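Take a look at the structure below.
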Amino acid sequence: MLACWQQIDGIDATDWKLQKLIAGVLAALVFLQAPANAQQSDDPRIDQAIARMTAAYGGDALKNLRTVSMKIDRRLAWTGQGQTADFVNFVSDRQHKVFDVQAQRGSVERWVNQNGSVFHNRFVVASDGAAVIDYFTMSKRPSEQGNYWRFYNGDYRSSDLLMAHMLATNPPAVKYERQETYRGIEFDVLGFEVLAETQRIEIFVSREDGLIHRAIMNRPIGPVNIIFSSHRKTEGIVQCR
């Protein structure tokens with residue numbers, strides 16, 4: 001069980017009620033088939049790009065990575081979503097996500113403040129299912145978002161470190177898209193889906209330092225361009241800040 005499950009806003013997880021609730025959540029997980037491991041392409045350009053990227057992000061330290069923690073603090077303003085057409089609805093959405101990338105499980109604790117109402121819940125995610133704990137009602141239910149890969153595939157696309165670890169240890173089907181120059185730097189562009197039949201992403205692996213500096217997703221509303229910058233090394237592993 002992940003360490004992040006042991007402490008919940010000052011509530012000791014040794015409390016028997018919380019233990020019973022978490023045990024019930026784990027027992028109530030919806031079983032879904034995990035994605036099958038795709039064979040890595042025989043294209044040497046893909047192998048070379050992934051090898052360069054793996055070395056740049058830490059080599060064996062990257063491959064042996066166990067836990068990744070991600071904190072998100074979003075502040076949103078929605079016009080015309082309240083009592084009147086000119087009412088501006090302010091939403092605070094704070095999330096603390098923990099990924100056990102080897103065991104393929106994790107948790108997401110979330111606080112949402114919207115229209116004067118506060119919601120506080122936790123998603124417990126395993127390799128074969130997920131469930132939701134509602135702290136206000138002390139209730140639990142299976143999550144419709146499914147298993148580890150269905151739940152977290154969007155988070156993987158937004159994190160250079162998570163994508164690098166996946167490609168170094170458990171790669172999906174990868175296509176060599178092209179070689180491209182961007183901002184004066186030569187890149188190998190690799191395309192893949194974190195989970196089959198989900199949003200496809202193209203990542204730009206630098207031919208100079210091996211790091212992922214850019215990613216593109218083509219969506220119905222238009223292309224999404226992601227820039228990964230200010231890379232730093234911590235305990236032998238590199239990630240953007």
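To be explicit about the labels: the chains of the structure tokens are called A, B, and onward in the order shown, and within each one the residues are counted from 1, while ligands get numbers from 1 in the order they are shown.
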For this session: Quick one: pick out all alpha helix (DSSP H) residues within chain A from a backbone DSSP run and write them as a PyMOL selection string.
Result: chain A and resi 16-27+44-56+60-63+148-157+160-169
Set the distance at 10 Å and use only C-alpha atoms: which residues neighbour Leu162 (chain A) once local chain neighbours fewer than 2 positions away are removed? I'd like the list as an mmCIF file with N, CA, C and O atoms, in the first residue's frame.
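After the write, around-v4.cif holds the following:
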```cif
data_model
loop_
_atom_site.group_PDB
_atom_site.id
_atom_site.type_symbol
_atom_site.label_atom_id
_atom_site.label_comp_id
_atom_site.auth_asym_id
_atom_site.auth_seq_id
_atom_site.Cartn_x
_atom_site.Cartn_y
_atom_site.Cartn_z
ATOM 1 N N LEU A 62 16.104 5.732 -13.693
ATOM 2 C CA LEU A 62 14.789 5.911 -14.299
ATOM 3 C C LEU A 62 14.037 4.587 -14.350
ATOM 4 O O LEU A 62 12.864 4.513 -13.975
ATOM 5 N N LEU A 65 12.693 3.535 -11.030
ATOM 6 C CA LEU A 65 11.808 4.498 -10.377
ATOM 7 C C LEU A 65 10.577 3.797 -9.824
ATOM 8 O O LEU A 65 9.968 2.965 -10.496
ATOM 9 N N VAL A 68 6.065 8.403 -8.089
ATOM 10 C CA VAL A 68 6.044 9.779 -8.576
ATOM 11 C C VAL A 68 4.893 10.507 -7.899
ATOM 12 O O VAL A 68 3.780 9.980 -7.821
ATOM 13 N N PHE A 99 1.754 8.095 -7.914
ATOM 14 C CA PHE A 99 1.792 6.973 -8.847
ATOM 15 C C PHE A 99 2.834 5.962 -8.365
ATOM 16 O O PHE A 99 3.997 6.326 -8.159
ATOM 17 N N VAL A 101 4.594 3.447 -10.101
ATOM 18 C CA VAL A 101 4.702 3.106 -11.524
ATOM 19 C C VAL A 101 5.110 1.653 -11.738
ATOM 20 O O VAL A 101 4.920 1.122 -12.839
ATOM 21 N N ASN A 153 -3.979 7.765 -18.005
ATOM 22 C CA ASN A 153 -3.339 7.974 -19.303
ATOM 23 C C ASN A 153 -3.187 9.462 -19.637
ATOM 24 O O ASN A 153 -2.222 9.869 -20.271
ATOM 25 N N ASP A 155 -2.619 11.849 -17.407
ATOM 26 C CA ASP A 155 -1.498 12.341 -16.600
ATOM 27 C C ASP A 155 -0.166 11.956 -17.226
ATOM 28 O O ASP A 155 0.801 12.721 -17.179
ATOM 29 N N TYR A 156 -0.105 10.767 -17.797
ATOM 30 C CA TYR A 156 1.125 10.350 -18.469
ATOM 31 C C TYR A 156 1.445 11.294 -19.632
ATOM 32 O O TYR A 156 2.603 11.662 -19.848
ATOM 33 N N ARG A 157 0.431 11.684 -20.392
ATOM 34 C CA ARG A 157 0.680 12.561 -21.537
ATOM 35 C C ARG A 157 1.166 13.944 -21.108
ATOM 36 O O ARG A 157 1.786 14.652 -21.901
ATOM 37 N N SER A 158 0.893 14.355 -19.882
ATOM 38 C CA SER A 158 1.278 15.693 -19.424
ATOM 39 C C SER A 158 2.588 15.688 -18.642
ATOM 40 O O SER A 158 3.024 16.742 -18.180
ATOM 41 N N SER A 159 3.222 14.535 -18.482
ATOM 42 C CA SER A 159 4.451 14.435 -17.700
ATOM 43 C C SER A 159 5.568 13.825 -18.540
ATOM 44 O O SER A 159 5.458 12.678 -18.987
ATOM 45 N N ASP A 160 6.657 14.573 -18.732
ATOM 46 C CA ASP A 160 7.789 14.019 -19.484
ATOM 47 C C ASP A 160 8.408 12.844 -18.739
ATOM 48 O O ASP A 160 8.831 11.859 -19.355
ATOM 49 N N ALA A 164 8.749 9.096 -20.162
ATOM 50 C CA ALA A 164 10.087 8.546 -20.308
ATOM 51 C C ALA A 164 10.191 7.190 -19.613
ATOM 52 O O ALA A 164 10.765 6.240 -20.159
ATOM 53 N N HIS A 165 9.625 7.083 -18.422
ATOM 54 C CA HIS A 165 9.670 5.809 -17.695
ATOM 55 C C HIS A 165 8.897 4.736 -18.450
ATOM 56 O O HIS A 165 9.361 3.591 -18.565
ATOM 57 N N MET A 166 7.724 5.074 -18.961
ATOM 58 C CA MET A 166 6.923 4.106 -19.694
ATOM 59 C C MET A 166 7.663 3.610 -20.936
ATOM 60 O O MET A 166 7.712 2.402 -21.201
ATOM 61 N N LEU A 167 8.259 4.527 -21.702
ATOM 62 C CA LEU A 167 8.959 4.144 -22.924
ATOM 63 C C LEU A 167 10.221 3.332 -22.619
ATOM 64 O O LEU A 167 10.627 2.486 -23.413
ATOM 65 N N ALA A 168 10.833 3.574 -21.456
ATOM 66 C CA ALA A 168 12.052 2.857 -21.100
ATOM 67 C C ALA A 168 11.778 1.471 -20.540
ATOM 68 O O ALA A 168 12.648 0.600 -20.590
ATOM 69 N N GLN A 239 13.671 15.527 -14.552
ATOM 70 C CA GLN A 239 12.308 15.854 -14.971
ATOM 71 C C GLN A 239 12.207 17.360 -15.134
ATOM 72 O O GLN A 239 13.011 18.123 -14.573
#
```
Exercise. Within 9 Å of Leu195 (chain A), counting only C-alpha atoms, which residues qualify if same-chain residues fewer than 3 places away don't, as a list of chain:residue names?
Worked result: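 Answer for this query is A:Pro35, A:Trp149, A:Arg150, A:Asn153, A:Pro172, A:Phe192, A:Thr198, A:Gln199, A:Arg200.
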Could those residues be written to a file, using all heavy atoms, as a short mmCIF file (atom, residue, chain, number, x, y, z; two decimals), in the first residue's frame?
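After the write, out.cif holds the following:
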```cif
data_model
loop_
_atom_site.label_atom_id
_atom_site.label_comp_id
_atom_site.auth_asym_id
_atom_site.auth_seq_id
_atom_site.Cartn_x
_atom_site.Cartn_y
_atom_site.Cartn_z
N PRO A 35 -3.96 -3.12 -20.15
CA PRO A 35 -3.54 -3.11 -21.54
C PRO A 35 -2.39 -4.07 -21.78
O PRO A 35 -1.47 -4.17 -20.97
CB PRO A 35 -3.10 -1.66 -21.78
CG PRO A 35 -2.76 -1.14 -20.42
CD PRO A 35 -3.69 -1.84 -19.48
N TRP A 149 -4.30 2.37 -16.18
CA TRP A 149 -4.01 3.04 -17.44
C TRP A 149 -5.17 3.89 -17.92
O TRP A 149 -4.97 4.95 -18.52
CB TRP A 149 -3.59 2.01 -18.49
CG TRP A 149 -2.24 1.44 -18.19
CD1 TRP A 149 -1.96 0.18 -17.73
CD2 TRP A 149 -0.98 2.12 -18.29
NE1 TRP A 149 -0.61 0.03 -17.55
CE2 TRP A 149 0.01 1.20 -17.89
CE3 TRP A 149 -0.61 3.40 -18.69
CZ2 TRP A 149 1.38 1.54 -17.86
CZ3 TRP A 149 0.74 3.74 -18.67
CH2 TRP A 149 1.71 2.82 -18.26
N ARG A 150 -6.38 3.45 -17.71
CA ARG A 150 -7.53 4.27 -18.10
C ARG A 150 -7.63 5.52 -17.24
O ARG A 150 -8.00 6.59 -17.71
CB ARG A 150 -8.83 3.45 -18.00
CG ARG A 150 -8.93 2.34 -19.03
CD ARG A 150 -10.30 1.67 -19.00
NE ARG A 150 -10.35 0.59 -19.95
CZ ARG A 150 -10.59 0.73 -21.25
NH1 ARG A 150 -10.79 1.93 -21.75
NH2 ARG A 150 -10.62 -0.32 -22.06
N ASN A 153 -3.98 7.77 -18.01
CA ASN A 153 -3.34 7.97 -19.30
C ASN A 153 -3.19 9.46 -19.64
O ASN A 153 -2.22 9.87 -20.27
CB ASN A 153 -4.06 7.20 -20.41
CG ASN A 153 -5.38 7.80 -20.81
OD1 ASN A 153 -5.43 8.69 -21.65
ND2 ASN A 153 -6.48 7.32 -20.24
N PRO A 172 4.50 1.21 -25.35
CA PRO A 172 3.40 0.83 -26.22
C PRO A 172 3.91 0.74 -27.66
O PRO A 172 5.12 0.81 -27.89
CB PRO A 172 2.41 2.00 -26.05
CG PRO A 172 3.31 3.18 -25.80
CD PRO A 172 4.48 2.64 -25.01
N PHE A 192 2.69 7.86 -30.32
CA PHE A 192 2.15 6.66 -29.67
C PHE A 192 0.88 7.02 -28.90
O PHE A 192 0.55 8.20 -28.72
CB PHE A 192 3.18 6.04 -28.71
CG PHE A 192 3.66 6.98 -27.64
CD1 PHE A 192 3.00 7.10 -26.42
CD2 PHE A 192 4.80 7.76 -27.85
CE1 PHE A 192 3.46 7.97 -25.44
CE2 PHE A 192 5.25 8.64 -26.88
CZ PHE A 192 4.58 8.74 -25.67
N THR A 198 -6.86 5.71 -27.29
CA THR A 198 -7.01 6.98 -26.57
C THR A 198 -6.24 8.05 -27.34
O THR A 198 -5.72 7.79 -28.43
CB THR A 198 -6.49 6.87 -25.13
OG1 THR A 198 -5.08 6.52 -25.15
CG2 THR A 198 -7.26 5.81 -24.34
N GLN A 199 -6.17 9.24 -26.79
CA GLN A 199 -5.54 10.36 -27.46
C GLN A 199 -4.09 10.05 -27.85
O GLN A 199 -3.28 9.65 -27.03
CB GLN A 199 -5.55 11.59 -26.54
CG GLN A 199 -4.83 12.80 -27.08
CD GLN A 199 -5.47 13.38 -28.32
OE1 GLN A 199 -6.65 13.72 -28.31
NE2 GLN A 199 -4.72 13.50 -29.40
N ARG A 200 -3.78 10.26 -29.12
CA ARG A 200 -2.42 10.03 -29.62
C ARG A 200 -1.57 11.26 -29.32
O ARG A 200 -2.05 12.41 -29.38
CB ARG A 200 -2.44 9.75 -31.12
CG ARG A 200 -1.07 9.35 -31.69
CD ARG A 200 -1.19 8.87 -33.13
NE ARG A 200 0.09 8.45 -33.67
CZ ARG A 200 0.64 7.27 -33.44
NH1 ARG A 200 0.00 6.38 -32.70
NH2 ARG A 200 1.83 6.95 -33.95
#
```
For this session: From region 98-200 of chain A, collect each residue whose DSSP state is strand (DSSP E or B) and return the set as a ChimeraX atom specification.
Result: /A:98-100,105-114,117-126,129-134,139-142,174-182,185-193,200
Problem set entry | Residue neighbourhood Phe204 (chain A), 7 Å, only C-alpha atoms, exclusion window fewer than 3 positions, as a list in words | Phe187, Asp188, Val189, Leu190, Ile212, His213, Arg214 and Ala215 of chain A
For the selection you just gave me, I'd like the residues written to a file as a compact mmCIF listing (two decimals), in the first residue's frame, keeping C-alpha atoms.
```txt
# COMPACT_ATOMS: atom_id res chain seq x y z
CA PHE A 187 14.50 16.26 -32.66
CA ASP A 188 13.33 12.72 -33.28
CA VAL A 189 9.54 12.82 -33.17
CA LEU A 190 7.88 9.66 -31.80
CA ILE A 212 11.71 15.50 -24.15
CA HIS A 213 11.26 19.21 -24.83
CA ARG A 214 7.91 19.29 -26.60
CA ALA A 215 4.75 17.27 -27.21
```
Problem set entry | Selection near Phe136 (chain A), 10 Å with only C-alpha atoms, sequence-local residues under 4 positions removed, as a PyMOL selection string | chain A and resi 118-121
Problem set entry | Near-Ala49 (chain A) list (8 Å; only C-alpha atoms; drop same-chain fewer than 4 positions) as an NGL selection string | :A and (45 or 53 or 188 or 205 or 207 or 210)
Selection above as a file: N, CA and C atoms, as an mmCIF file, in the first residue's frame:
```cif
data_model
loop_
_atom_site.group_PDB
_atom_site.id
_atom_site.type_symbol
_atom_site.label_atom_id
_atom_site.label_comp_id
_atom_site.auth_asym_id
_atom_site.auth_seq_id
_atom_site.Cartn_x
_atom_site.Cartn_y
_atom_site.Cartn_z
ATOM 1 N N ARG A 45 15.697 3.698 -35.506
ATOM 2 C CA ARG A 45 15.598 5.103 -35.118
ATOM 3 C C ARG A 45 14.811 5.249 -33.818
ATOM 4 N N MET A 53 17.016 8.899 -24.778
ATOM 5 C CA MET A 53 16.108 9.489 -23.789
ATOM 6 C C MET A 53 16.269 8.822 -22.422
ATOM 7 N N ASP A 188 14.036 13.891 -32.772
ATOM 8 C CA ASP A 188 13.333 12.723 -33.281
ATOM 9 C C ASP A 188 11.923 12.783 -32.718
ATOM 10 N N VAL A 205 12.067 14.208 -28.924
ATOM 11 C CA VAL A 205 13.241 13.781 -28.178
ATOM 12 C C VAL A 205 14.469 14.437 -28.802
ATOM 13 N N ARG A 207 18.013 15.384 -30.121
ATOM 14 C CA ARG A 207 19.197 14.659 -30.577
ATOM 15 C C ARG A 207 20.455 15.157 -29.874
ATOM 16 N N GLY A 210 18.883 14.389 -25.413
ATOM 17 C CA GLY A 210 18.035 13.227 -25.175
ATOM 18 C C GLY A 210 16.759 13.490 -24.403
#
```
